[in-house]
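Shown next: model_17.txt, containing compact mmCIF, C-alpha atoms.
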# COMPACT_ATOMS: atom_id res chain seq x y z
CA MET O 26 17.13 -6.41 -11.01
CA ASN O 27 14.64 -5.96 -8.16
CA LEU O 28 11.57 -3.74 -8.37
CA ILE O 29 9.97 -2.42 -5.19
CA THR O 30 6.85 -1.52 -7.15
CA ALA O 31 5.78 0.19 -10.34
CA PHE O 32 6.29 3.94 -10.02
CA LEU O 33 8.05 3.40 -6.68
CA LEU O 34 9.07 6.39 -4.67
CA VAL O 35 12.48 5.65 -3.22
CA PHE O 36 14.33 8.93 -2.77
CA ILE O 37 13.56 12.16 -0.95
CA PHE O 38 16.36 14.60 -0.27
CA ARG O 39 16.87 18.28 0.46
CA ILE O 40 18.52 19.55 -2.71
CA THR O 41 17.53 21.65 -5.73
CA PRO O 42 13.75 22.00 -6.16
CA LEU O 43 12.07 19.91 -8.82
CA SER O 44 10.87 22.71 -10.99
CA ALA O 45 10.35 26.41 -11.15
CA GLY O 46 6.70 25.94 -12.10
CA LYS O 47 4.14 28.01 -10.22
CA ARG O 48 2.60 26.13 -7.33
CA PRO O 49 -0.81 26.69 -5.79
CA LYS O 50 -0.65 29.14 -2.89
CA THR O 51 -2.88 26.89 -0.81
CA CYS O 52 -0.71 23.81 -1.13
CA LYS O 53 2.93 24.68 -0.56
CA LEU O 54 5.73 22.27 0.09
CA LYS O 55 7.76 23.16 3.16
CA ARG O 56 11.02 21.63 2.02
CA GLN O 57 12.95 21.09 -1.16
CA GLN O 58 13.14 17.61 -2.53
CA ILE O 59 13.90 15.37 -5.44
CA VAL O 60 11.89 12.35 -6.44
CA ALA O 61 13.17 9.19 -8.02
CA ALA O 62 11.06 6.43 -9.46
CA ILE O 63 11.14 3.19 -11.36
CA ASP O 64 8.50 3.10 -14.04
CA ASP O 65 6.33 0.15 -14.94
CA ASN O 66 8.80 -1.09 -17.54
CA ASN O 67 11.63 -1.23 -15.01
CA HIS O 68 13.35 1.96 -16.15
CA PRO O 69 14.74 4.32 -13.52
CA PHE O 70 13.69 7.92 -13.80
CA THR O 71 14.22 11.01 -11.68
CA TYR O 72 11.86 13.94 -11.98
CA GLY O 73 13.72 17.15 -12.57
CA THR O 74 17.10 15.56 -13.32
CA SER O 75 18.67 13.56 -16.10
CA PRO O 76 17.56 9.90 -16.10
CA ALA O 77 21.11 8.67 -15.70
CA ALA O 78 21.54 10.57 -12.46
CA SER O 79 19.17 8.29 -10.59
CA THR O 80 20.37 4.84 -11.50
CA SER O 81 23.44 4.32 -9.37
CA SER O 82 22.18 5.59 -6.04
CA ILE O 83 18.70 4.12 -5.75
CA LEU O 84 18.70 0.72 -7.42
CA PRO O 85 19.52 -2.22 -5.15
CA THR O 86 21.90 -4.92 -6.23
CA SER O 87 20.38 -8.10 -7.58
CA THR O 88 19.98 -11.09 -5.30
CA THR O 89 19.26 -14.52 -6.71
CA SER O 90 16.79 -16.92 -5.20
CA ASP O 91 19.64 -19.34 -4.47
CA GLU O 92 21.19 -16.79 -2.14
CA GLN O 93 17.99 -16.49 -0.10
CA SER O 94 16.14 -19.72 -0.65
CA GLU O 95 15.35 -20.15 3.07
CA PRO O 96 14.04 -17.16 5.04
CA THR O 97 16.09 -16.58 8.15
CA VAL O 98 15.06 -14.31 11.00
CA ALA O 99 17.25 -12.95 13.76
CA ALA O 100 16.56 -14.40 17.20
CA VAL O 101 16.03 -10.92 18.59
CA ALA O 102 15.13 -7.95 16.43
CA VAL O 103 16.66 -4.54 17.00
CA ILE O 104 15.04 -3.14 20.15
CA ARG O 105 13.53 0.27 19.54
CA SER O 106 10.60 2.40 20.55
CA ARG O 107 7.46 2.30 18.48
CA PHE O 108 7.02 5.19 16.05
CA PRO O 109 5.55 8.30 17.75
CA TYR O 110 2.38 8.68 15.69
CA GLY O 111 0.81 12.09 16.01
CA GLN O 112 4.19 13.61 16.80
CA GLU O 113 6.21 12.74 13.70
CA LEU O 114 5.09 12.40 10.09
CA ILE O 115 4.74 9.06 8.35
CA ARG O 116 6.79 9.08 5.12
CA GLY O 117 6.80 5.70 3.49
CA VAL O 118 6.33 3.41 0.53
CA ASN O 119 4.15 0.38 -0.14
CA LEU O 120 5.84 -2.92 -0.91
CA GLY O 121 3.13 -3.85 -3.36
CA GLY O 122 3.04 -7.00 -5.45
CA TRP O 123 5.16 -8.99 -3.01
CA PHE O 124 2.76 -11.17 -1.03
CA VAL O 125 -0.33 -10.33 -3.10
CA LEU O 126 -0.03 -10.73 -6.87
CA GLU O 127 -1.62 -8.07 -9.07
CA PRO O 128 -1.36 -8.30 -12.87
CA TRP O 129 -0.38 -4.65 -13.33
CA ILE O 130 2.53 -4.92 -10.89
CA THR O 131 3.95 -8.26 -12.02
CA PRO O 132 2.57 -8.80 -15.53
CA SER O 133 5.27 -11.33 -16.46
CA LEU O 134 4.08 -13.79 -13.81
CA PHE O 135 0.67 -13.82 -15.47
CA ILE O 136 1.87 -13.73 -19.07
CA ASN O 137 4.21 -16.66 -18.48
CA THR O 138 1.28 -18.89 -17.52
CA ASN O 139 0.04 -18.70 -21.15
CA ASN O 140 -3.47 -18.65 -19.77
CA GLU O 141 -5.54 -15.49 -20.14
CA ALA O 142 -8.06 -16.83 -17.62
CA ILE O 143 -5.47 -16.28 -14.87
CA VAL O 144 -6.37 -12.78 -13.71
CA ASP O 145 -5.63 -12.76 -9.95
CA GLU O 146 -3.89 -14.86 -7.32
CA TYR O 147 -6.94 -17.12 -6.93
CA THR O 148 -6.87 -18.18 -10.59
CA PHE O 149 -3.04 -18.19 -10.56
CA ALA O 150 -3.22 -21.05 -8.08
CA LEU O 151 -6.39 -22.67 -9.43
CA TYR O 152 -5.60 -22.90 -13.15
CA GLN O 153 -2.09 -24.30 -13.04
CA ASP O 154 -0.30 -27.12 -11.25
CA GLN O 155 0.01 -26.18 -7.58
CA GLY O 156 3.60 -27.36 -7.45
CA VAL O 157 4.48 -25.13 -10.38
CA ALA O 158 2.62 -22.19 -8.87
CA ARG O 159 4.33 -22.71 -5.50
CA GLY O 160 7.76 -22.74 -7.11
CA ILE O 161 7.04 -19.48 -8.93
CA LEU O 162 5.75 -17.85 -5.76
CA GLU O 163 8.69 -19.00 -3.63
CA ASN O 164 11.11 -17.54 -6.15
CA HIS O 165 9.07 -14.34 -6.29
CA TRP O 166 8.96 -13.98 -2.49
CA ASN O 167 12.74 -14.39 -2.37
CA THR O 168 13.59 -11.94 -5.12
CA TRP O 169 10.91 -9.26 -5.53
CA ILE O 170 11.96 -7.42 -2.38
CA VAL O 171 15.36 -8.09 -0.78
CA GLU O 172 17.32 -6.70 2.14
CA GLU O 173 19.06 -4.15 -0.08
CA ASP O 174 15.66 -2.60 -0.81
CA PHE O 175 15.14 -1.87 2.89
CA LYS O 176 18.61 -0.39 3.06
CA ALA O 177 17.83 1.86 0.08
CA ILE O 178 14.49 2.94 1.55
CA ALA O 179 16.15 3.94 4.81
CA ALA O 180 18.95 5.75 2.97
CA ALA O 181 16.32 7.70 1.06
CA GLY O 182 15.03 9.16 4.31
CA LEU O 183 11.76 7.25 4.45
CA ASN O 184 10.62 5.95 7.84
CA HIS O 185 7.85 3.47 6.94
CA VAL O 186 6.95 0.60 4.68
CA ARG O 187 3.41 -0.67 4.32
CA ILE O 188 3.32 -4.39 3.57
CA PRO O 189 0.12 -5.80 2.00
CA VAL O 190 -0.52 -9.34 3.25
CA PRO O 191 -3.36 -11.74 2.34
CA TYR O 192 -5.42 -13.61 4.89
CA TRP O 193 -4.24 -16.98 3.61
CA ALA O 194 -0.65 -16.13 4.56
CA ILE O 195 -1.57 -15.47 8.20
CA PRO O 196 -1.78 -18.46 10.60
CA THR O 197 -5.26 -18.89 12.12
CA THR O 198 -7.24 -21.78 13.56
CA ASN O 199 -9.02 -22.09 10.21
CA THR O 200 -6.42 -23.49 7.84
CA THR O 201 -8.61 -23.86 4.74
CA ILE O 202 -7.13 -21.70 2.00
CA TYR O 203 -7.57 -23.65 -1.27
CA PRO O 204 -6.70 -22.80 -3.95
CA PHE O 205 -4.41 -20.15 -2.46
CA ILE O 206 -0.86 -21.21 -1.66
CA ASP O 207 0.63 -20.75 1.79
CA GLY O 208 4.25 -20.15 2.70
CA ALA O 209 4.58 -16.37 2.77
CA TRP O 210 4.48 -16.04 6.58
CA PRO O 211 8.22 -16.67 7.21
CA HIS O 212 9.02 -14.21 4.44
CA LEU O 213 6.90 -11.60 6.22
CA LEU O 214 8.79 -12.25 9.45
CA ARG O 215 12.06 -11.81 7.60
CA ALA O 216 10.80 -8.55 6.10
CA VAL O 217 10.03 -7.17 9.57
CA ASP O 218 13.48 -8.27 10.69
CA TRP O 219 15.05 -6.35 7.79
CA ALA O 220 12.96 -3.30 8.64
CA ALA O 221 14.19 -3.48 12.24
CA THR O 222 17.78 -3.66 11.05
CA TYR O 223 17.45 -0.41 9.09
CA GLY O 224 15.26 1.48 11.53
CA ILE O 225 12.13 1.39 9.37
CA SER O 226 8.67 1.18 10.94
CA VAL O 227 6.15 -1.22 9.43
CA ILE O 228 2.44 -1.04 8.71
CA ILE O 229 1.10 -4.53 8.06
CA ASP O 230 -2.05 -4.37 5.99
CA ILE O 231 -4.60 -7.18 5.63
CA HIS O 232 -4.98 -6.67 1.91
CA CYS O 233 -7.17 -9.67 1.11
CA ALA O 234 -10.08 -11.08 3.09
CA PRO O 235 -11.86 -14.40 2.47
CA GLY O 236 -14.58 -13.99 -0.15
CA SER O 237 -13.08 -10.66 -1.29
CA GLN O 238 -13.96 -7.41 0.45
CA ASN O 239 -14.20 -5.42 -2.80
CA GLY O 240 -14.26 -7.73 -5.83
CA TYR O 241 -11.00 -6.29 -7.16
CA ASP O 242 -7.98 -8.36 -8.14
CA ASN O 243 -6.06 -6.66 -5.32
CA SER O 244 -8.24 -8.62 -2.88
CA GLY O 245 -6.87 -11.88 -4.28
CA GLN O 246 -10.06 -12.78 -6.12
CA LYS O 247 -11.70 -10.74 -8.83
CA LEU O 248 -15.49 -10.96 -8.58
CA ASN O 249 -18.48 -9.12 -9.97
CA TYR O 250 -19.58 -8.46 -6.40
CA PRO O 251 -17.71 -9.00 -3.11
CA THR O 252 -18.84 -11.85 -0.87
CA TRP O 253 -16.69 -11.37 2.26
CA HIS O 254 -19.52 -9.61 4.06
CA THR O 255 -22.08 -12.32 3.30
CA SER O 256 -20.53 -14.87 5.66
CA ALA O 257 -20.00 -14.52 9.40
CA ALA O 258 -17.24 -17.11 9.08
CA ASN O 259 -15.41 -14.88 6.61
CA VAL O 260 -15.58 -11.94 8.99
CA GLN O 261 -14.53 -14.05 11.98
CA ARG O 262 -11.55 -15.40 10.09
CA THR O 263 -10.47 -11.85 9.27
CA VAL O 264 -10.76 -10.94 12.95
CA GLU O 265 -8.55 -13.93 13.76
CA ALA O 266 -5.99 -12.84 11.16
CA PHE O 267 -5.92 -9.40 12.78
CA GLN O 268 -5.49 -10.97 16.22
CA THR O 269 -2.61 -13.12 14.98
CA LEU O 270 -0.79 -10.08 13.61
CA VAL O 271 -1.34 -8.01 16.75
CA HIS O 272 -0.22 -10.85 19.02
CA GLU O 273 2.87 -11.72 16.98
CA PHE O 274 4.19 -8.23 16.46
CA SER O 275 3.52 -7.12 20.01
CA GLN O 276 6.07 -9.67 21.19
CA PRO O 277 9.29 -8.27 22.72
CA GLN O 278 11.54 -9.83 20.08
CA TRP O 279 10.15 -7.45 17.46
CA GLY O 280 10.80 -4.36 19.54
CA GLY O 281 8.63 -1.52 18.25
CA THR O 282 9.22 -2.21 14.56
CA VAL O 283 5.59 -2.87 13.62
CA GLY O 284 3.67 0.27 14.50
CA ILE O 285 0.28 -0.37 12.91
CA ILE O 286 -1.84 -3.35 11.92
CA GLU O 287 -4.30 -2.23 9.26
CA ALA O 288 -7.41 -4.31 9.81
CA LEU O 289 -8.57 -4.41 6.16
CA ASN O 290 -7.66 -2.79 2.88
CA GLU O 291 -10.25 -1.02 0.74
CA PRO O 292 -13.55 -2.64 1.72
CA ALA O 293 -16.20 -1.69 -0.83
CA GLY O 294 -18.05 0.75 1.39
CA PHE O 295 -19.86 2.21 -1.62
CA TYR O 296 -22.17 -0.82 -1.22
CA ASP O 297 -24.40 -0.30 1.80
CA ASP O 298 -24.42 -3.97 2.77
CA VAL O 299 -20.62 -4.14 2.69
CA LEU O 300 -20.37 -0.91 4.67
CA ALA O 301 -22.61 -2.16 7.47
CA VAL O 302 -20.60 -5.35 7.95
CA THR O 303 -17.33 -3.44 7.64
CA ASN O 304 -18.26 -1.03 10.42
CA ASP O 305 -19.17 -3.94 12.68
CA TYR O 306 -15.88 -5.60 11.77
CA TRP O 307 -13.91 -2.48 12.77
CA GLN O 308 -15.59 -2.69 16.17
CA GLN O 309 -14.80 -6.40 16.54
CA ALA O 310 -11.17 -5.94 15.57
CA TYR O 311 -10.78 -3.02 17.96
CA GLY O 312 -12.40 -5.05 20.73
CA SER O 313 -9.79 -7.78 20.28
CA LEU O 314 -6.99 -5.20 20.37
CA ARG O 315 -8.35 -3.64 23.55
CA ASN O 316 -8.76 -7.04 25.24
CA MET O 317 -5.11 -7.77 24.53
CA ARG O 318 -4.08 -4.47 26.11
CA LEU O 319 -6.23 -5.09 29.17
CA THR O 320 -4.80 -8.59 29.57
CA ARG O 321 -1.27 -7.25 29.36
CA GLY O 322 -2.01 -4.33 31.67
CA THR O 323 -1.08 -1.75 29.03
CA GLU O 324 -4.46 -0.05 29.18
CA VAL O 325 -5.52 1.54 32.46
CA ASN O 326 -8.68 3.56 33.05
CA GLY O 327 -9.44 3.58 29.34
CA GLU O 328 -6.04 4.94 28.31
CA ALA O 329 -3.60 2.82 26.31
CA ALA O 330 0.13 3.11 26.82
CA ASP O 331 1.87 5.27 24.22
CA GLY O 332 4.10 2.44 23.02
CA GLU O 333 1.28 0.03 22.22
CA ILE O 334 0.77 -1.24 18.68
CA LYS O 335 -1.87 0.75 16.79
CA MET O 336 -4.81 -0.26 14.61
CA ALA O 337 -5.81 1.39 11.34
CA ILE O 338 -9.24 1.40 9.74
CA MET O 339 -10.23 2.69 6.29
CA ASP O 340 -12.92 5.00 4.98
CA GLY O 341 -14.20 2.42 2.49
CA PHE O 342 -14.22 4.94 -0.39
CA ARG O 343 -16.83 7.00 1.47
CA GLY O 344 -14.41 9.74 2.47
CA VAL O 345 -13.02 10.34 5.93
CA MET O 346 -15.85 12.59 7.06
CA HIS O 347 -18.21 9.62 6.85
CA TYR O 348 -16.41 8.34 9.96
CA ASN O 349 -16.86 11.46 12.03
CA GLY O 350 -16.90 10.37 15.68
CA PHE O 351 -16.21 6.69 14.92
CA LEU O 352 -13.79 4.87 17.28
CA THR O 353 -12.54 8.17 18.63
CA PRO O 354 -11.26 8.87 22.16
CA PRO O 355 -12.33 8.44 24.86
CA ASN O 356 -14.41 5.53 23.54
CA ALA O 357 -11.42 4.05 21.70
CA GLU O 358 -7.65 4.44 21.94
CA GLY O 359 -4.87 3.82 19.46
CA VAL O 360 -6.89 3.86 16.22
CA LEU O 361 -5.76 5.64 13.04
CA MET O 362 -7.57 6.29 9.77
CA ASP O 363 -6.09 5.33 6.39
CA THR O 364 -7.52 6.97 3.29
CA HIS O 365 -6.37 6.42 -0.30
CA SER O 366 -6.03 9.17 -2.85
CA TYR O 367 -6.10 8.35 -6.55
CA GLN O 368 -7.25 10.66 -9.33
CA ILE O 369 -7.31 8.16 -12.16
CA PHE O 370 -10.37 5.92 -11.87
CA ASN O 371 -13.51 8.07 -11.79
CA ASN O 372 -15.23 9.20 -14.98
CA ASP O 373 -14.99 12.86 -14.03
CA GLN O 374 -11.23 12.49 -13.62
CA MET O 375 -10.70 11.49 -17.24
CA PHE O 376 -10.81 15.13 -18.35
CA MET O 377 -8.99 16.87 -15.51
CA THR O 378 -6.23 19.31 -16.46
CA ASP O 379 -2.84 19.30 -14.77
CA ASP O 380 -3.91 22.22 -12.61
CA ASP O 381 -7.16 20.41 -11.76
CA HIS O 382 -5.18 17.49 -10.36
CA ILE O 383 -3.04 19.74 -8.21
CA LYS O 384 -6.02 21.76 -7.01
CA LEU O 385 -7.89 18.60 -6.01
CA SER O 386 -4.83 17.36 -4.11
CA CYS O 387 -4.77 20.55 -2.09
CA GLU O 388 -8.49 20.33 -1.39
CA ARG O 389 -8.20 16.73 -0.23
CA GLY O 390 -5.36 17.72 2.05
CA GLY O 391 -7.60 20.26 3.73
CA THR O 392 -10.45 17.77 4.18
CA ILE O 393 -8.16 15.10 5.61
CA SER O 394 -6.49 17.58 7.94
CA GLY O 395 -9.85 18.84 9.19
CA TYR O 396 -10.95 15.31 9.98
CA ALA O 397 -7.65 14.38 11.64
CA THR O 398 -7.80 17.43 13.88
CA THR O 399 -11.12 16.45 15.45
CA ASN O 400 -11.24 12.67 14.96
CA LEU O 401 -8.49 10.12 14.27
CA TRP O 402 -4.90 10.63 13.27
CA THR O 403 -5.02 10.12 9.52
CA PHE O 404 -2.48 9.11 6.90
CA VAL O 405 -2.79 8.57 3.16
CA GLY O 406 -1.81 4.93 2.84
CA GLU O 407 -1.87 4.82 -0.97
CA TRP O 408 -1.44 7.50 -3.61
CA THR O 409 0.39 8.05 -6.88
CA SER O 410 1.90 10.79 -8.98
CA SER O 411 0.34 9.32 -12.11
CA PRO O 412 -2.59 11.39 -13.46
CA THR O 413 -3.93 8.58 -15.70
CA ASP O 414 -4.78 4.88 -15.64
CA CYS O 415 -2.33 4.22 -18.47
CA THR O 416 -0.27 1.63 -16.63
CA ARG O 417 -0.85 -1.71 -18.33
CA TRP O 418 -3.61 -3.75 -16.66
CA ILE O 419 -4.12 -1.28 -13.81
CA ASN O 420 -7.85 -1.88 -14.38
CA GLY O 421 -7.40 -5.65 -14.56
CA ARG O 422 -5.70 -8.12 -16.87
CA GLY O 423 -6.70 -7.52 -20.46
CA VAL O 424 -8.54 -4.29 -19.62
CA GLY O 425 -7.39 -1.09 -21.32
CA SER O 426 -7.09 2.49 -20.16
CA ASP O 427 -10.27 4.49 -19.61
CA TRP O 428 -8.27 7.71 -19.97
CA GLU O 429 -6.93 6.72 -23.38
CA GLN O 430 -10.36 5.68 -24.63
CA ALA O 431 -12.16 8.74 -23.24
CA ALA O 432 -11.07 11.08 -26.03
CA PRO O 433 -9.65 10.65 -29.55
CA GLY O 434 -5.95 11.17 -30.06
CA ARG O 435 -4.82 10.18 -26.58
CA ASP O 436 -1.67 8.07 -26.36
CA CYS O 437 -0.76 6.18 -23.18
CA SER O 438 2.79 5.56 -24.39
CA LYS O 439 3.53 9.18 -23.57
CA LYS O 440 2.06 8.93 -20.05
CA SER O 441 3.42 5.63 -18.75
CA GLY O 442 6.20 3.16 -19.41
CA ARG O 443 9.57 4.33 -20.69
CA TRP O 444 10.65 7.71 -19.39
CA GLN O 445 12.18 8.45 -22.81
CA ASN O 446 8.65 8.94 -24.11
CA PHE O 447 7.84 11.64 -21.53
CA ASP O 448 8.16 15.21 -22.75
CA GLU O 449 9.63 17.93 -20.54
CA GLU O 450 6.24 19.45 -19.79
CA TYR O 451 4.91 16.14 -18.50
CA LYS O 452 7.99 15.52 -16.37
CA THR O 453 7.70 18.98 -14.86
CA PHE O 454 4.05 18.37 -14.06
CA LEU O 455 4.84 15.03 -12.39
CA GLY O 456 7.24 16.81 -10.08
CA ARG O 457 4.75 19.56 -9.24
CA TYR O 458 1.98 17.01 -8.72
CA PHE O 459 4.12 14.96 -6.38
CA GLU O 460 5.09 18.05 -4.38
CA ALA O 461 1.49 19.22 -4.09
CA GLN O 462 0.32 15.86 -2.73
CA VAL O 463 3.16 15.58 -0.23
CA ALA O 464 2.39 19.09 1.03
CA ALA O 465 -1.33 18.28 1.24
CA PHE O 466 -0.94 14.95 3.04
CA GLU O 467 1.61 16.29 5.50
CA LYS O 468 -1.07 18.58 6.88
CA SER O 469 -2.26 15.45 8.72
CA GLN O 470 -0.10 12.50 9.78
CA GLY O 471 1.71 11.73 6.52
CA TRP O 472 1.68 9.35 3.61
CA VAL O 473 2.77 6.03 2.11
CA TYR O 474 3.36 6.13 -1.65
CA TRP O 475 2.18 3.29 -3.89
Show me this structure written as structure tokens.
Amino acid sequence: MNLITAFLLVFIFRITPLSAGKRPKTCKLKRQQIVAAIDDNNHPFTYGTSPAASTSSILPTSTTSDEQSEPTVAAVAVIRSRFPYGQELIRGVNLGGWFVLEPWITPSLFINTNNEAIVDEYTFALYQDQGVARGILENHWNTWIVEEDFKAIAAAGLNHVRIPVPYWAIPTTNTTIYPFIDGAWPHLLRAVDWAATYGISVIIDIHCAPGSQNGYDNSGQKLNYPTWHTSAANVQRTVEAFQTLVHEFSQPQWGGTVGIIEALNEPAGFYDDVLAVTNDYWQQAYGSLRNMRLTRGTEVNGEAADGEIKMAIMDGFRGVMHYNGFLTPPNAEGVLMDTHSYQIFNNDQMFMTDDDHIKLSCERGGTISGYATTNLWTFVGEWTSSPTDCTRWINGRGVGSDWEQAAPGRDCSKKSGRWQNFDEEYKTFLGRYFEAQVAAFEKSQGWVYW
């Protein structure tokens, strides 16, 4: 059975509301909807309905690696216009854990190594035979996400996928990637082809930069302190990766399927030295995008054509208002802001009530909307309906839950994992929480669920 991701949103539909629970007056949902998910133990669950109701309609059929051992891409993708950002809402899902391994998303790949020192993709490749690691990755790339998943996403009414991609998977003039393992690029091309087939727009996100932009395992290499920003060569290689993506997916054969190239995921902007380099990098990446438009004649008198591929930057955990006036028109064209909204990692979030979570969602929606109105079109590129960090290894392999340890008597088995362990009150809250965040984030340019 294929998983799109842990706690994956795959179904939005106008039917009976989730719950009759009172919703905040400042954060109302404008349409009725139902939410389906697959929890982190691979059990389907639908908020507000019986669990069995969700299994037949949303789960894709299994595809073996033998059936798709060689990625094939159509000669010409479906020709279509690029998504009209700023006019229509982004409603999408992240295809996490596919081209970037994270222990919490694919724990079995790490457990099966029988080596607790393997905590990220860097050590996954370094601490085992490279031939063995390559075989595991090839099978994973062929089976984790398949064409049926794209079909299901489109049938659910979603219009975007965000695909995290590491720098070592992107062809550049610098081919040094050891110990990372290459080979994911043709699988990415096939993914875009599938998206084109089902009318889904794609955000390609550079999720991992050389040296790690944040020190987290989601950057490919878990470190005590990021080192990406300490080397001009690291930054230049990231610029080249961005240029490769822009050049490739601006080609006519891809139509308008890829709408946004996200220049870097979650740089650790809470460190001043990382922030300074990151801001310079945003400028460099934008400069390369603008040069491409000028060369192609799709930017005239400082205005880019509406159908041009867009660039996204991130707020680096500083909050969107930190970027007030940054890369905004008329000094820049075709730039969007991505901000991520989680309420599970900060110390002050360990003791939030259900209503606190919903209230904060509404407040964030107002802040994001205010910024988007006067600065850059803004979408929430990652968020979750989980109110805790109870998912196994979400804080890193072998690391427990801060929420569970913050107060005596807390039990993560009732907050994550098998839906059978969720009581009705918790399920009702999950529905309300999801609705509140959707309503909040649709005050700006939309959202992509993680």
Can you tell me, as a VMD selection string, what residues are no more than 6 Å from region 436-440 of chain O when counting all atoms listed in the file, ignoring any on the same chain fewer than 5 positions away?
-> chain O and resid 415 446 to 447
Near-Asp298 (chain O) list (12 Å; only C-alpha atoms; drop same-chain fewer than 3 positions) as a PyMOL selection string = chain O and resi 238-239+250-256+292-295+301-305
If I wrap all listed atoms of region 371-379 of chain O in a box with edges along x, y and z and add 5 Å on each side, what are its centre and edge lengths in Å to one decimal, as JSON?
{"center_x": -9.0, "center_y": 13.7, "center_z": -15.1, "size_x": 22.4, "size_y": 21.2, "size_z": 16.6}
Quick one: residues within 12 Å of Ala258 (chain O), only C-alpha atoms counted, chain neighbours fewer than 3 positions away excluded, as a PyMOL selection string?
-> chain O and resi 198-199+201+234-236+252-255+261-265+306
Can you pull out every residue within 10 Å of Thr282 (chain O), counting only C-alpha atoms, but drop anything in the same chain fewer than 2 positions away, and send it as a list in words?
-> Ala102, Val103, Ile104, Arg105, Ser106, Arg107, Phe108, His185, Val217, Asp218, Trp219, Ala220, Ala221, Thr222, Gly224, Ile225, Ser226, Val227, Ile228, Phe274, Ser275, Gln278, Trp279, Gly280, Gly284, Ile285 and Ile334 of chain O
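Minimum atom-to-atom distances from O:Ala179, O:Leu352, O:Ala209, O:Ala330 to His165 (chain O) were compared using only C-alpha atoms, and the lowest value belongs to O:Ala209.
From CA of Asp230 (chain O) back to CA of Arg116 (chain O), the distance works out to 16.1 Å.
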Separation of CA of Gln374 (chain O) from CA of Pro412 (chain O), in Å and rounded to one decimal | 8.7 Å
